[in-house]
>>> print(open('upload.tsv').read())   # TSV, C-alpha atoms and all ligand atoms
chain	number	residue	atom	x	y	z
X	1	MET	CA	-73.77	-140.87	-56.24
X	2	THR	CA	-75.50	-142.70	-53.42
X	3	LEU	CA	-74.28	-145.96	-51.93
X	4	ALA	CA	-77.01	-147.67	-53.98
X	5	ASP	CA	-75.71	-146.07	-57.21
X	6	ILE	CA	-72.06	-146.92	-56.60
X	7	SER	CA	-72.92	-150.47	-55.47
X	8	ARG	CA	-74.91	-151.03	-58.63
X	9	HIS	CA	-72.05	-149.57	-60.69
X	10	CYS	CA	-69.61	-151.97	-59.00
X	11	TYR	CA	-71.96	-154.90	-59.61
X	12	GLU	CA	-72.25	-154.03	-63.30
X	13	LEU	CA	-68.54	-153.49	-63.79
X	14	THR	CA	-67.78	-156.83	-62.12
X	15	GLN	CA	-70.32	-158.60	-64.35
X	16	ALA	CA	-68.83	-156.92	-67.43
X	17	TYR	CA	-65.36	-158.13	-66.47
X	18	LEU	CA	-66.64	-161.65	-65.76
X	19	GLY	CA	-68.36	-161.67	-69.15
X	20	ALA	CA	-65.19	-160.88	-71.11
X	21	GLN	CA	-64.33	-163.62	-73.58
X	22	ASN	CA	-61.19	-164.47	-75.52
X	23	ALA	CA	-59.13	-162.22	-73.25
X	24	SER	CA	-55.65	-162.97	-71.93
X	25	SER	CA	-54.78	-165.76	-69.51
X	26	ILE	CA	-54.37	-163.10	-66.80
X	27	VAL	CA	-57.99	-162.01	-67.35
X	28	GLN	CA	-59.18	-165.62	-67.24
X	29	GLU	CA	-57.29	-166.25	-63.99
X	30	THR	CA	-58.67	-163.02	-62.54
X	31	GLN	CA	-62.22	-164.01	-63.49
X	32	GLU	CA	-61.69	-167.21	-61.51
X	33	ALA	CA	-60.22	-165.25	-58.58
X	34	ILE	CA	-63.27	-162.93	-58.61
X	35	ARG	CA	-65.69	-165.86	-58.60
X	36	GLU	CA	-63.94	-167.32	-55.56
X	37	THR	CA	-63.96	-163.98	-53.72
X	38	ARG	CA	-67.62	-163.39	-54.51
X	39	ALA	CA	-68.51	-166.89	-53.28
X	40	ILE	CA	-66.78	-166.20	-49.95
X	41	ILE	CA	-68.60	-162.89	-49.51
X	42	LEU	CA	-72.05	-163.96	-50.74
X	43	THR	CA	-72.25	-167.39	-49.16
X	44	GLU	CA	-69.85	-167.56	-46.20
X	45	VAL	CA	-69.92	-163.97	-45.00
X	46	PHE	CA	-73.47	-162.79	-45.73
X	47	SER	CA	-74.95	-165.99	-44.29
X	48	ARG	CA	-73.11	-165.33	-41.01
X	49	TRP	CA	-73.38	-161.56	-40.62
X	50	SER	CA	-75.80	-159.08	-42.09
X	51	PRO	CA	-74.26	-156.47	-44.38
X	52	LEU	CA	-77.15	-154.16	-43.54
X	53	ASN	CA	-76.87	-153.54	-39.80
X	54	GLY	CA	-73.25	-152.58	-39.07
X	55	GLU	CA	-71.99	-156.08	-38.22
X	56	ILE	CA	-69.54	-155.94	-41.14
X	57	SER	CA	-66.98	-153.15	-41.50
X	58	PHE	CA	-64.25	-152.53	-44.02
X	59	SER	CA	-60.57	-151.73	-43.41
X	60	TYR	CA	-59.56	-149.19	-46.02
X	61	ASN	CA	-56.30	-147.31	-46.54
X	62	GLY	CA	-56.52	-146.35	-50.21
X	63	GLY	CA	-54.15	-149.15	-51.27
X	64	LYS	CA	-54.77	-151.12	-54.47
X	65	ASP	CA	-55.71	-154.37	-52.71
X	66	CYS	CA	-58.39	-152.94	-50.46
X	67	GLN	CA	-59.73	-150.89	-53.36
X	68	VAL	CA	-60.19	-154.06	-55.43
X	69	LEU	CA	-61.88	-155.75	-52.49
X	70	LEU	CA	-64.09	-152.71	-51.97
X	71	LEU	CA	-65.27	-152.76	-55.60
X	72	LEU	CA	-66.13	-156.45	-55.31
X	73	TYR	CA	-67.77	-156.03	-51.91
X	74	LEU	CA	-69.98	-153.17	-53.10
X	75	GLY	CA	-71.01	-155.28	-56.10
X	76	CYS	CA	-71.97	-158.11	-53.71
X	77	LEU	CA	-73.93	-155.66	-51.58
X	78	TRP	CA	-75.99	-154.70	-54.61
X	79	GLU	CA	-76.56	-158.37	-55.45
X	80	PHE	CA	-77.66	-159.10	-51.87
X	81	PHE	CA	-80.17	-156.24	-52.07
X	82	ALA	CA	-81.43	-157.29	-55.52
X	83	LEU	CA	-82.02	-160.82	-54.21
X	84	GLN	CA	-84.01	-159.49	-51.27
X	85	VAL	CA	-86.10	-157.38	-53.63
X	86	SER	CA	-86.80	-160.32	-55.90
X	87	ARG	CA	-87.98	-162.40	-52.92
X	88	SER	CA	-90.12	-159.68	-51.41
X	89	GLN	CA	-93.90	-159.54	-51.67
X	90	TYR	CA	-93.67	-155.80	-52.44
X	91	ALA	CA	-93.03	-154.43	-55.92
X	92	ALA	CA	-89.43	-153.42	-56.67
X	93	ALA	CA	-90.52	-149.81	-57.20
X	94	TYR	CA	-91.31	-149.57	-53.45
X	95	GLN	CA	-88.00	-150.98	-52.25
X	96	ARG	CA	-85.16	-148.70	-51.28
X	97	PHE	CA	-81.53	-149.62	-50.84
X	98	PRO	CA	-81.30	-149.86	-47.05
X	99	LEU	CA	-77.83	-148.38	-46.45
X	100	GLN	CA	-76.45	-144.87	-46.92
X	101	ASN	CA	-72.84	-145.57	-45.92
X	102	LEU	CA	-70.44	-148.41	-45.44
X	103	PHE	CA	-68.72	-148.45	-42.05
X	104	SER	CA	-64.96	-148.37	-42.61
X	105	VAL	CA	-61.82	-148.00	-40.59
X	106	TYR	CA	-58.59	-146.26	-41.60
X	107	ILE	CA	-55.66	-146.54	-39.18
X	108	ASP	CA	-53.34	-143.64	-39.85
X	109	LEU	CA	-50.40	-144.74	-37.71
X	110	ALA	CA	-47.38	-143.10	-39.29
X	111	GLU	CA	-46.62	-140.24	-41.61
X	112	THR	CA	-48.69	-140.81	-44.72
X	113	PHE	CA	-48.04	-139.53	-48.25
X	114	PRO	CA	-50.30	-136.50	-48.80
X	115	SER	CA	-51.36	-137.96	-52.18
X	116	LEU	CA	-52.57	-141.10	-50.39
X	117	GLU	CA	-54.41	-139.09	-47.73
X	118	THR	CA	-56.18	-137.09	-50.41
X	119	PHE	CA	-56.97	-140.28	-52.28
X	120	VAL	CA	-58.48	-141.86	-49.15
X	121	ASP	CA	-60.68	-138.78	-48.67
X	122	GLU	CA	-61.74	-138.63	-52.33
X	123	THR	CA	-62.56	-142.31	-52.54
X	124	ALA	CA	-64.27	-142.36	-49.13
X	125	ALA	CA	-66.65	-139.81	-50.67
X	126	ARG	CA	-66.95	-141.70	-53.96
X	127	TYR	CA	-67.70	-145.06	-52.30
X	128	GLU	CA	-69.87	-143.53	-49.54
X	129	LEU	CA	-67.64	-144.80	-46.74
X	130	SER	CA	-68.40	-143.70	-43.22
X	131	LEU	CA	-64.70	-143.62	-42.42
X	132	TYR	CA	-63.39	-143.83	-38.88
X	133	SER	CA	-59.87	-142.47	-39.01
X	134	SER	CA	-57.59	-143.17	-36.03
X	135	ARG	CA	-55.59	-139.99	-36.39
X	136	ARG	CA	-58.17	-137.42	-37.37
X	137	GLU	CA	-60.58	-138.39	-34.62
X	138	HIS	CA	-58.04	-138.40	-31.81
X	139	GLY	CA	-55.50	-135.76	-32.65
X	140	ALA	CA	-52.64	-138.02	-31.59
X	141	GLN	CA	-51.48	-141.11	-33.39
X	142	ALA	CA	-52.67	-144.42	-32.05
X	143	SER	CA	-49.88	-146.34	-30.34
X	144	ASP	CA	-50.34	-149.41	-32.49
X	145	MET	CA	-52.69	-151.12	-34.88
X	146	ALA	CA	-54.37	-153.32	-32.25
X	147	ALA	CA	-55.06	-150.33	-29.99
X	148	ALA	CA	-56.53	-148.42	-32.92
X	149	PHE	CA	-58.86	-151.32	-33.76
X	150	SER	CA	-59.87	-151.53	-30.07
X	151	ASP	CA	-60.81	-147.92	-30.20
X	152	PHE	CA	-62.80	-148.45	-33.39
X	153	LEU	CA	-64.70	-151.36	-31.79
X	154	GLU	CA	-65.52	-149.31	-28.72
X	155	ARG	CA	-67.17	-146.77	-30.97
X	156	TYR	CA	-68.86	-149.35	-33.21
X	157	PRO	CA	-69.57	-152.27	-30.84
X	158	GLU	CA	-71.98	-153.87	-33.34
X	159	THR	CA	-68.95	-154.80	-35.50
X	160	GLN	CA	-68.44	-158.56	-35.74
X	161	ALA	CA	-66.32	-158.87	-38.87
X	162	ILE	CA	-63.88	-156.63	-40.72
X	163	LEU	CA	-62.93	-157.07	-44.37
X	164	ILE	CA	-59.20	-156.88	-45.06
X	165	GLY	CA	-57.50	-156.80	-48.48
X	166	VAL	CA	-54.52	-158.94	-47.45
X	167	ARG	CA	-53.11	-161.46	-49.96
X	168	ALA	CA	-51.24	-164.72	-49.29
X	169	THR	CA	-48.08	-163.26	-50.86
X	170	ASP	CA	-48.02	-160.43	-48.26
X	171	PRO	CA	-45.74	-160.87	-45.23
X	172	PHE	CA	-47.22	-163.55	-42.92
X	173	GLY	CA	-50.07	-163.98	-45.43
X	174	GLU	CA	-49.51	-167.59	-46.41
X	175	THR	CA	-51.02	-169.12	-43.27
X	176	LEU	CA	-54.14	-166.93	-43.20
X	177	LYS	CA	-57.67	-168.18	-43.86
X	178	PRO	CA	-60.55	-166.34	-45.59
X	179	VAL	CA	-62.47	-166.05	-42.30
X	180	GLN	CA	-60.69	-166.27	-38.96
X	181	LYS	CA	-60.76	-164.81	-35.47
X	182	THR	CA	-58.14	-162.25	-34.53
X	183	ASP	CA	-54.99	-163.49	-32.76
X	184	LYS	CA	-54.34	-163.29	-29.01
X	185	GLY	CA	-53.56	-159.74	-27.94
X	186	TRP	CA	-55.90	-158.29	-30.54
X	187	PRO	CA	-59.42	-157.01	-30.00
X	188	ASP	CA	-62.04	-159.64	-30.69
X	189	PHE	CA	-63.49	-159.71	-34.21
X	190	TYR	CA	-63.46	-161.89	-37.29
X	191	ARG	CA	-60.97	-161.03	-40.02
X	192	VAL	CA	-62.57	-161.54	-43.42
X	193	GLN	CA	-59.84	-161.97	-46.06
X	194	PRO	CA	-61.37	-162.93	-49.40
X	195	LEU	CA	-58.38	-161.85	-51.54
X	196	LEU	CA	-55.81	-164.32	-50.20
X	197	HIS	CA	-55.63	-166.21	-53.49
X	198	TRP	CA	-55.10	-163.07	-55.60
X	199	ARG	CA	-51.77	-162.41	-57.33
X	200	LEU	CA	-50.39	-159.00	-58.18
X	201	ALA	CA	-51.29	-159.34	-61.88
X	202	HIS	CA	-54.92	-160.07	-60.98
X	203	VAL	CA	-55.13	-156.92	-58.85
X	204	TRP	CA	-53.88	-154.72	-61.70
X	205	SER	CA	-56.01	-156.45	-64.30
X	206	PHE	CA	-59.27	-155.80	-62.45
X	207	LEU	CA	-58.32	-152.36	-61.11
X	208	LEU	CA	-57.18	-151.01	-64.49
X	209	TYR	CA	-60.25	-152.49	-66.19
X	210	SER	CA	-62.55	-150.90	-63.58
X	211	GLY	CA	-61.77	-147.37	-64.81
X	212	GLU	CA	-61.94	-146.29	-61.16
X	213	PRO	CA	-59.55	-143.63	-59.83
X	214	VAL	CA	-56.20	-145.11	-58.77
X	215	CYS	CA	-53.87	-143.51	-56.22
X	216	GLY	CA	-51.36	-141.43	-58.23
X	217	LEU	CA	-48.33	-142.83	-56.36
X	218	TYR	CA	-48.75	-146.09	-58.25
X	219	GLU	CA	-48.21	-144.23	-61.52
X	220	HIS	CA	-44.81	-143.10	-60.21
X	221	GLY	CA	-43.22	-146.46	-59.53
X	222	PHE	CA	-44.84	-147.39	-56.22
X	223	THR	CA	-46.08	-150.96	-56.02
X	224	SER	CA	-47.05	-151.10	-52.32
X	225	ILE	CA	-47.51	-148.04	-50.14
X	226	GLY	CA	-46.46	-147.80	-46.50
X	227	SER	CA	-45.55	-144.67	-44.57
X	228	VAL	CA	-43.33	-141.90	-45.98
X	229	ASP	CA	-40.42	-143.18	-43.88
X	230	THR	CA	-40.67	-146.73	-45.11
X	231	THR	CA	-41.60	-146.51	-48.78
X	232	LEU	CA	-39.74	-145.71	-51.99
X	233	PRO	CA	-40.69	-146.33	-55.59
X	234	ASN	CA	-39.91	-149.94	-56.42
X	235	PRO	CA	-36.24	-150.28	-57.53
X	236	HIS	CA	-37.28	-152.96	-60.05
X	237	LEU	CA	-39.08	-150.24	-62.02
X	238	ARG	CA	-36.17	-147.80	-62.06
X	239	GLY	CA	-34.37	-146.45	-65.09
X	240	LEU	CA	-36.19	-148.30	-67.83
X	241	GLY	CA	-37.34	-144.99	-69.32
X	242	GLU	CA	-38.36	-144.93	-72.95
X	243	THR	CA	-36.98	-148.37	-73.75
X	244	ALA	CA	-39.65	-149.94	-71.58
X	245	PRO	CA	-41.78	-152.72	-73.00
X	246	GLN	CA	-45.57	-152.38	-72.94
X	247	HIS	CA	-47.28	-153.46	-69.77
X	248	LYS	CA	-49.48	-156.56	-69.69
X	249	PHE	CA	-52.83	-154.79	-69.31
X	250	GLN	CA	-53.45	-153.20	-72.71
X	251	TRP	CA	-56.77	-155.00	-73.11
X	252	GLU	CA	-57.94	-153.82	-69.67
X	253	VAL	CA	-57.06	-150.18	-70.42
X	254	GLU	CA	-58.59	-150.25	-73.91
X	255	HIS	CA	-61.83	-151.79	-72.62
X	256	SER	CA	-61.94	-150.15	-69.21
X	257	TYR	CA	-65.42	-149.87	-67.82
X	258	GLY	CA	-67.12	-146.57	-68.48
X	259	ILE	CA	-63.96	-144.83	-69.73
X	260	ALA	CA	-62.86	-147.20	-72.49
X	261	GLY	CA	-59.93	-145.80	-74.45
X	262	SER	CA	-59.41	-142.82	-72.10
X	263	GLY	CA	-56.32	-144.27	-70.46
X	264	ILE	CA	-55.68	-144.94	-66.80
X	265	ASN	CA	-57.50	-142.90	-64.19
X	266	ALA	CA	-54.47	-142.25	-61.92
X	267	ARG	CA	-55.01	-139.24	-59.66
X	268	PRO	CA	-52.55	-136.33	-59.85
X	269	LEU	CA	-49.89	-136.25	-57.14
X	270	ASP	CA	-49.92	-133.75	-54.31
X	271	PRO	CA	-47.27	-131.05	-55.01
X	272	SER	CA	-45.33	-132.01	-51.87
X	273	ASP	CA	-45.01	-135.59	-53.11
X	274	VAL	CA	-43.85	-134.28	-56.50
X	275	SER	CA	-41.06	-132.34	-54.72
X	276	TRP	CA	-40.24	-135.35	-52.54
X	277	LEU	CA	-39.89	-137.56	-55.60
X	278	ALA	CA	-37.82	-134.94	-57.42
X	279	ALA	CA	-35.49	-134.74	-54.39
X	280	LEU	CA	-34.84	-138.46	-54.73
X	281	GLY	CA	-33.14	-137.47	-57.97
X	282	GLU	CA	-34.55	-140.37	-59.92
X	283	ASP	CA	-37.76	-139.71	-61.75
X	284	LYS	CA	-37.60	-142.46	-64.35
X	285	TYR	CA	-39.73	-145.09	-62.72
X	286	LEU	CA	-42.27	-147.07	-64.66
X	287	PRO	CA	-45.79	-147.17	-63.24
X	288	GLY	CA	-46.48	-149.84	-60.63
X	289	TRP	CA	-48.57	-151.92	-63.01
X	290	TYR	CA	-45.44	-152.82	-65.01
X	291	LEU	CA	-44.45	-155.10	-62.15
X	292	THR	CA	-46.25	-158.44	-61.90
X	293	ASP	CA	-43.69	-160.45	-59.94
X	294	ASP	CA	-45.26	-160.95	-56.50
X	295	SER	CA	-41.90	-161.78	-54.93
X	296	VAL	CA	-40.62	-158.19	-55.38
X	297	GLU	CA	-43.89	-156.29	-54.89
X	298	ARG	CA	-42.60	-154.86	-51.60
X	299	ALA	CA	-39.04	-154.14	-52.73
X	300	GLY	CA	-39.75	-150.43	-52.23
X	301	ARG	CA	-40.86	-150.94	-48.61
X	302	ILE	CA	-37.53	-149.96	-47.02
X	303	LYS	CA	-36.75	-148.55	-43.58
X	304	ARG	CA	-34.87	-145.30	-44.09
X	305	LYS	CA	-34.66	-143.76	-40.61
O	401	LIG	P1	-50.54	-151.82	-51.11
O	401	LIG	O1	-49.79	-153.09	-50.71
O	401	LIG	O2	-50.38	-151.51	-52.56
O	401	LIG	O3	-50.21	-150.66	-50.23
O	401	LIG	P2	-52.98	-152.36	-49.65
O	401	LIG	O4	-52.67	-151.27	-48.68
O	401	LIG	O5	-54.41	-152.52	-50.03
O	401	LIG	O6	-52.12	-152.17	-50.98
O	401	LIG	P3	-51.53	-154.05	-47.79
O	401	LIG	O7	-50.63	-152.91	-47.47
O	401	LIG	O8	-50.92	-155.37	-48.08
O	401	LIG	O9	-52.47	-153.74	-49.06
O	401	LIG	O10	-52.55	-154.19	-46.58
O	401	LIG	C1	-53.46	-155.29	-46.58
O	401	LIG	C2	-54.82	-154.82	-46.13
O	401	LIG	O11	-54.78	-154.47	-44.74
O	401	LIG	C3	-55.36	-153.59	-46.83
O	401	LIG	O12	-55.91	-153.92	-48.07
O	401	LIG	C4	-56.37	-153.07	-45.82
O	401	LIG	O13	-57.58	-153.79	-45.89
O	401	LIG	C5	-55.67	-153.39	-44.49
O	401	LIG	N1	-54.88	-152.26	-44.02
O	401	LIG	C6	-53.53	-152.14	-44.07
O	401	LIG	N2	-53.14	-150.99	-43.51
O	401	LIG	C7	-54.26	-150.37	-43.09
O	401	LIG	C8	-54.53	-149.14	-42.42
O	401	LIG	N3	-53.54	-148.33	-42.07
O	401	LIG	N4	-55.81	-148.81	-42.13
O	401	LIG	C9	-56.82	-149.64	-42.48
O	401	LIG	N5	-56.63	-150.81	-43.10
O	401	LIG	C10	-55.38	-151.18	-43.40
>>> encode(input="upload.tsv", output="structure tokens")
Amino acid sequence: MTLADISRHCYELTQAYLGAQNASSIVQETQEAIRETRAIILTEVFSRWSPLNGEISFSYNGGKDCQVLLLLYLGCLWEFFALQVSRSQYAAAYQRFPLQNLFSVYIDLAETFPSLETFVDETAARYELSLYSSRREHGAQASDMAAAFSDFLERYPETQAILIGVRATDPFGETLKPVQKTDKGWPDFYRVQPLLHWRLAHVWSFLLYSGEPVCGLYEHGFTSIGSVDTTLPNPHLRGLGETAPQHKFQWEVEHSYGIAGSGINARPLDPSDVSWLAALGEDKYLPGWYLTDDSVERAGRIKRK
């Protein structure tokens, strides 16, 4: 697929989700959350910076939140292009989607789960990301997040704004704004955070409906993924085994876009992560989407060393 193809796909899947009627209250809330996010991107962000000339980049680490934001952003990119075509004096047949890749930044600061690394690579190819990776490009690990972003900006000085999939329920998230300058001590750019109002249930509802590949760690009890040293499956999903209730996203899975009825498109785990999980001695975790309580989303983010 080209960036044009995947952007169009994301636009169509978003419209299909927005068009769903008589669905659950979670779907209705998520439709509202999507409208708000799209309004921020299409009116606030695209009126300030052009999505077509490298001013806007995307921070991507394969996590569920940035993947949701990426799907919505690509859909908005298609809409922006379609609007330009409709206003142009030239026939649509002569207009080509003007971008081949989306500039993106992945800061690989600490030891990462191999399944997540593979997922980042696979999805960078699927979504046509031109992915700057702090570790792979420099051999050594960047000393901290701010330094890694500085390095990214030196290489891509046209960057004005970076999209970030942070939510208000994340640590320090409650005081953030959808568009704001970076703090003192950080390299200078605008943080664009159009998912602040999203709750955990909204993320799963849209992601499971999308039919897009999902990082396999989520299927094994992870609900938020940090480094190998700081992340375990979420203890709130442990030991429920076969007595588990159904999750709340049956409608999304049954109607999922493009793969309706085929189940959830979770990617297989890397063998080394399978061994790592087996060594924990507890393999009876429910998938991450069984958890919808935002207050314990990060209960598996534990310092172990
Ligand atoms: P999850 O919480 O399930 O791991 P996530 O990684 O998308 O999902 P957070 O960990 O809360 O969400 O991070 C918030 C956002 O910050 C991400 O969506 C992403 O945009 C950005 N981000 C976080 N870590 C990195 C990183 N190492 N490289 C690039 N962007 C990052």
>>> residues_near_ligand(input="upload.tsv", ligand="ligand LIG 401 (chain O)", cutoff="8 Å", atoms="only C-alpha atoms and all ligand atoms", output="compact mmCIF listing (two decimals) with C-alpha atoms, in the coordinates of the input")
# COMPACT_ATOMS: atom_id res chain seq x y z
CA PHE X 58 -64.25 -152.53 -44.02
CA SER X 59 -60.57 -151.73 -43.41
CA TYR X 60 -59.56 -149.19 -46.02
CA ASN X 61 -56.30 -147.31 -46.54
CA GLY X 62 -56.52 -146.35 -50.21
CA GLY X 63 -54.15 -149.15 -51.27
CA LYS X 64 -54.77 -151.12 -54.47
CA ASP X 65 -55.71 -154.37 -52.71
CA CYS X 66 -58.39 -152.94 -50.46
CA GLN X 67 -59.73 -150.89 -53.36
CA LEU X 69 -61.88 -155.75 -52.49
CA VAL X 105 -61.82 -148.00 -40.59
CA TYR X 106 -58.59 -146.26 -41.60
CA ILE X 107 -55.66 -146.54 -39.18
CA ASP X 108 -53.34 -143.64 -39.85
CA LEU X 109 -50.40 -144.74 -37.71
CA MET X 145 -52.69 -151.12 -34.88
CA LEU X 163 -62.93 -157.07 -44.37
CA ILE X 164 -59.20 -156.88 -45.06
CA GLY X 165 -57.50 -156.80 -48.48
CA VAL X 166 -54.52 -158.94 -47.45
CA ARG X 167 -53.11 -161.46 -49.96
CA ASP X 170 -48.02 -160.43 -48.26
CA PHE X 222 -44.84 -147.39 -56.22
CA THR X 223 -46.08 -150.96 -56.02
CA SER X 224 -47.05 -151.10 -52.32
CA ILE X 225 -47.51 -148.04 -50.14
CA GLY X 226 -46.46 -147.80 -46.50
CA GLU X 297 -43.89 -156.29 -54.89
CA ARG X 298 -42.60 -154.86 -51.60
>>> atom_distance(input="upload.tsv", atom1="CA of Leu280 in chain X", atom2="CA of Asn265 in chain X")
25.0 Å
>>> atom_distance(input="upload.tsv", atom1="CA of Leu207 in chain X", atom2="CA of Thr30 in chain X")
10.8 Å
>>> residues_around(input="upload.tsv", residues="range 246-261 of chain X", least_positions_apart="2", cutoff="8 Å", atoms="all atoms listed in the file", output="VMD selection string")
chain X and resid 13 16 23 204 to 206 208 to 211 244 263 to 264 289 to 290
>>> residues_around(input="upload.tsv", residues="Ala125 in chain X", least_positions_apart="4", cutoff="12 Å", atoms="all atoms listed in the file", output="list in words")
Met1, Thr2, Leu3, Ile6, Gln100, Asn101, Leu102, Ser104, Thr118, Phe119, Val120, Asp121, Leu129, Ser130 and Leu131 of chain X
>>> residues_around(input="upload.tsv", residues="range 216-219 of chain X", least_positions_apart="4", cutoff="8 Å", atoms="all atoms listed in the file", output="PyMOL selection string")
chain X and resi 115-116+223-224+266-269+286-289
>>> atom_distance(input="upload.tsv", atom1="CA of Phe80 in chain X", atom2="CA of Tyr94 in chain X")
16.7 Å
>>> residues_around(input="upload.tsv", residues="His9 in chain X", least_positions_apart="4", cutoff="9 Å", atoms="all atoms listed in the file", output="list of chain:residue names")
X:Ala4, X:Asp5, X:Leu13, X:Thr14, X:Leu74, X:Gly75, X:Trp78
>>> residues_around(input="upload.tsv", residues="range 192-194 of chain X", least_positions_apart="4", cutoff="9 Å", atoms="all atoms listed in the file", output="number ranges by chain")
X: 36-38, 40-41, 45, 69, 161-167, 176-181, 198
>>> closest_residue(input="upload.tsv", among="X:Ser86, X:Gln95, X:Ser50, X:Thr169", to="Leu195 in chain X", atoms="all atoms listed in the file")
X:Thr169
>>> closest_residue(input="upload.tsv", among="X:Glu122, X:Asp183, X:Asp188, X:Glu174", to="Leu153 in chain X", atoms="only C-alpha atoms")
X:Asp188
>>> decode(input="upload.tsv", residues="range 207-220 of chain X", atoms="N, CA, C and O atoms", output="short mmCIF file (atom, residue, chain, number, x, y, z; two decimals), in the first residue's frame")
data_model
loop_
_atom_site.label_atom_id
_atom_site.label_comp_id
_atom_site.auth_asym_id
_atom_site.auth_seq_id
_atom_site.Cartn_x
_atom_site.Cartn_y
_atom_site.Cartn_z
N LEU X 207 -9.80 0.69 18.37
CA LEU X 207 -8.69 -0.15 17.86
C LEU X 207 -9.19 -1.55 17.47
O LEU X 207 -8.84 -2.07 16.42
N LEU X 208 -10.04 -2.14 18.30
CA LEU X 208 -10.54 -3.48 17.97
C LEU X 208 -11.49 -3.42 16.77
O LEU X 208 -11.50 -4.32 15.92
N TYR X 209 -12.25 -2.35 16.65
CA TYR X 209 -13.12 -2.20 15.48
C TYR X 209 -12.29 -2.04 14.20
O TYR X 209 -12.67 -2.55 13.14
N SER X 210 -11.15 -1.37 14.31
CA SER X 210 -10.36 -1.02 13.11
C SER X 210 -9.91 -2.26 12.34
O SER X 210 -9.68 -2.18 11.14
N GLY X 211 -9.77 -3.40 13.03
CA GLY X 211 -9.27 -4.60 12.35
C GLY X 211 -7.78 -4.50 12.05
O GLY X 211 -7.20 -5.39 11.42
N GLU X 212 -7.14 -3.44 12.51
CA GLU X 212 -5.70 -3.26 12.27
C GLU X 212 -4.91 -4.21 13.17
O GLU X 212 -5.40 -4.63 14.22
N PRO X 213 -3.66 -4.56 12.76
CA PRO X 213 -2.83 -5.37 13.64
C PRO X 213 -2.62 -4.67 14.98
O PRO X 213 -2.50 -3.45 15.04
N VAL X 214 -2.62 -5.47 16.04
CA VAL X 214 -2.42 -4.94 17.40
C VAL X 214 -1.19 -5.64 17.97
O VAL X 214 -1.00 -6.84 17.74
N CYS X 215 -0.35 -4.93 18.70
CA CYS X 215 0.84 -5.55 19.28
C CYS X 215 0.43 -6.76 20.14
O CYS X 215 -0.44 -6.64 21.02
N GLY X 216 1.06 -7.91 19.91
CA GLY X 216 0.67 -9.16 20.55
C GLY X 216 0.80 -9.14 22.07
O GLY X 216 0.13 -9.92 22.76
N LEU X 217 1.62 -8.26 22.62
CA LEU X 217 1.76 -8.22 24.09
C LEU X 217 0.43 -7.90 24.76
O LEU X 217 0.14 -8.39 25.86
N TYR X 218 -0.39 -7.09 24.09
CA TYR X 218 -1.68 -6.74 24.68
C TYR X 218 -2.56 -7.98 24.85
O TYR X 218 -3.36 -8.06 25.77
N GLU X 219 -2.40 -8.94 23.95
CA GLU X 219 -3.22 -10.15 24.06
C GLU X 219 -2.83 -10.99 25.28
O GLU X 219 -3.58 -11.85 25.74
N HIS X 220 -1.63 -10.72 25.82
CA HIS X 220 -1.12 -11.52 26.93
C HIS X 220 -1.12 -10.75 28.25
O HIS X 220 -0.21 -10.90 29.07
#
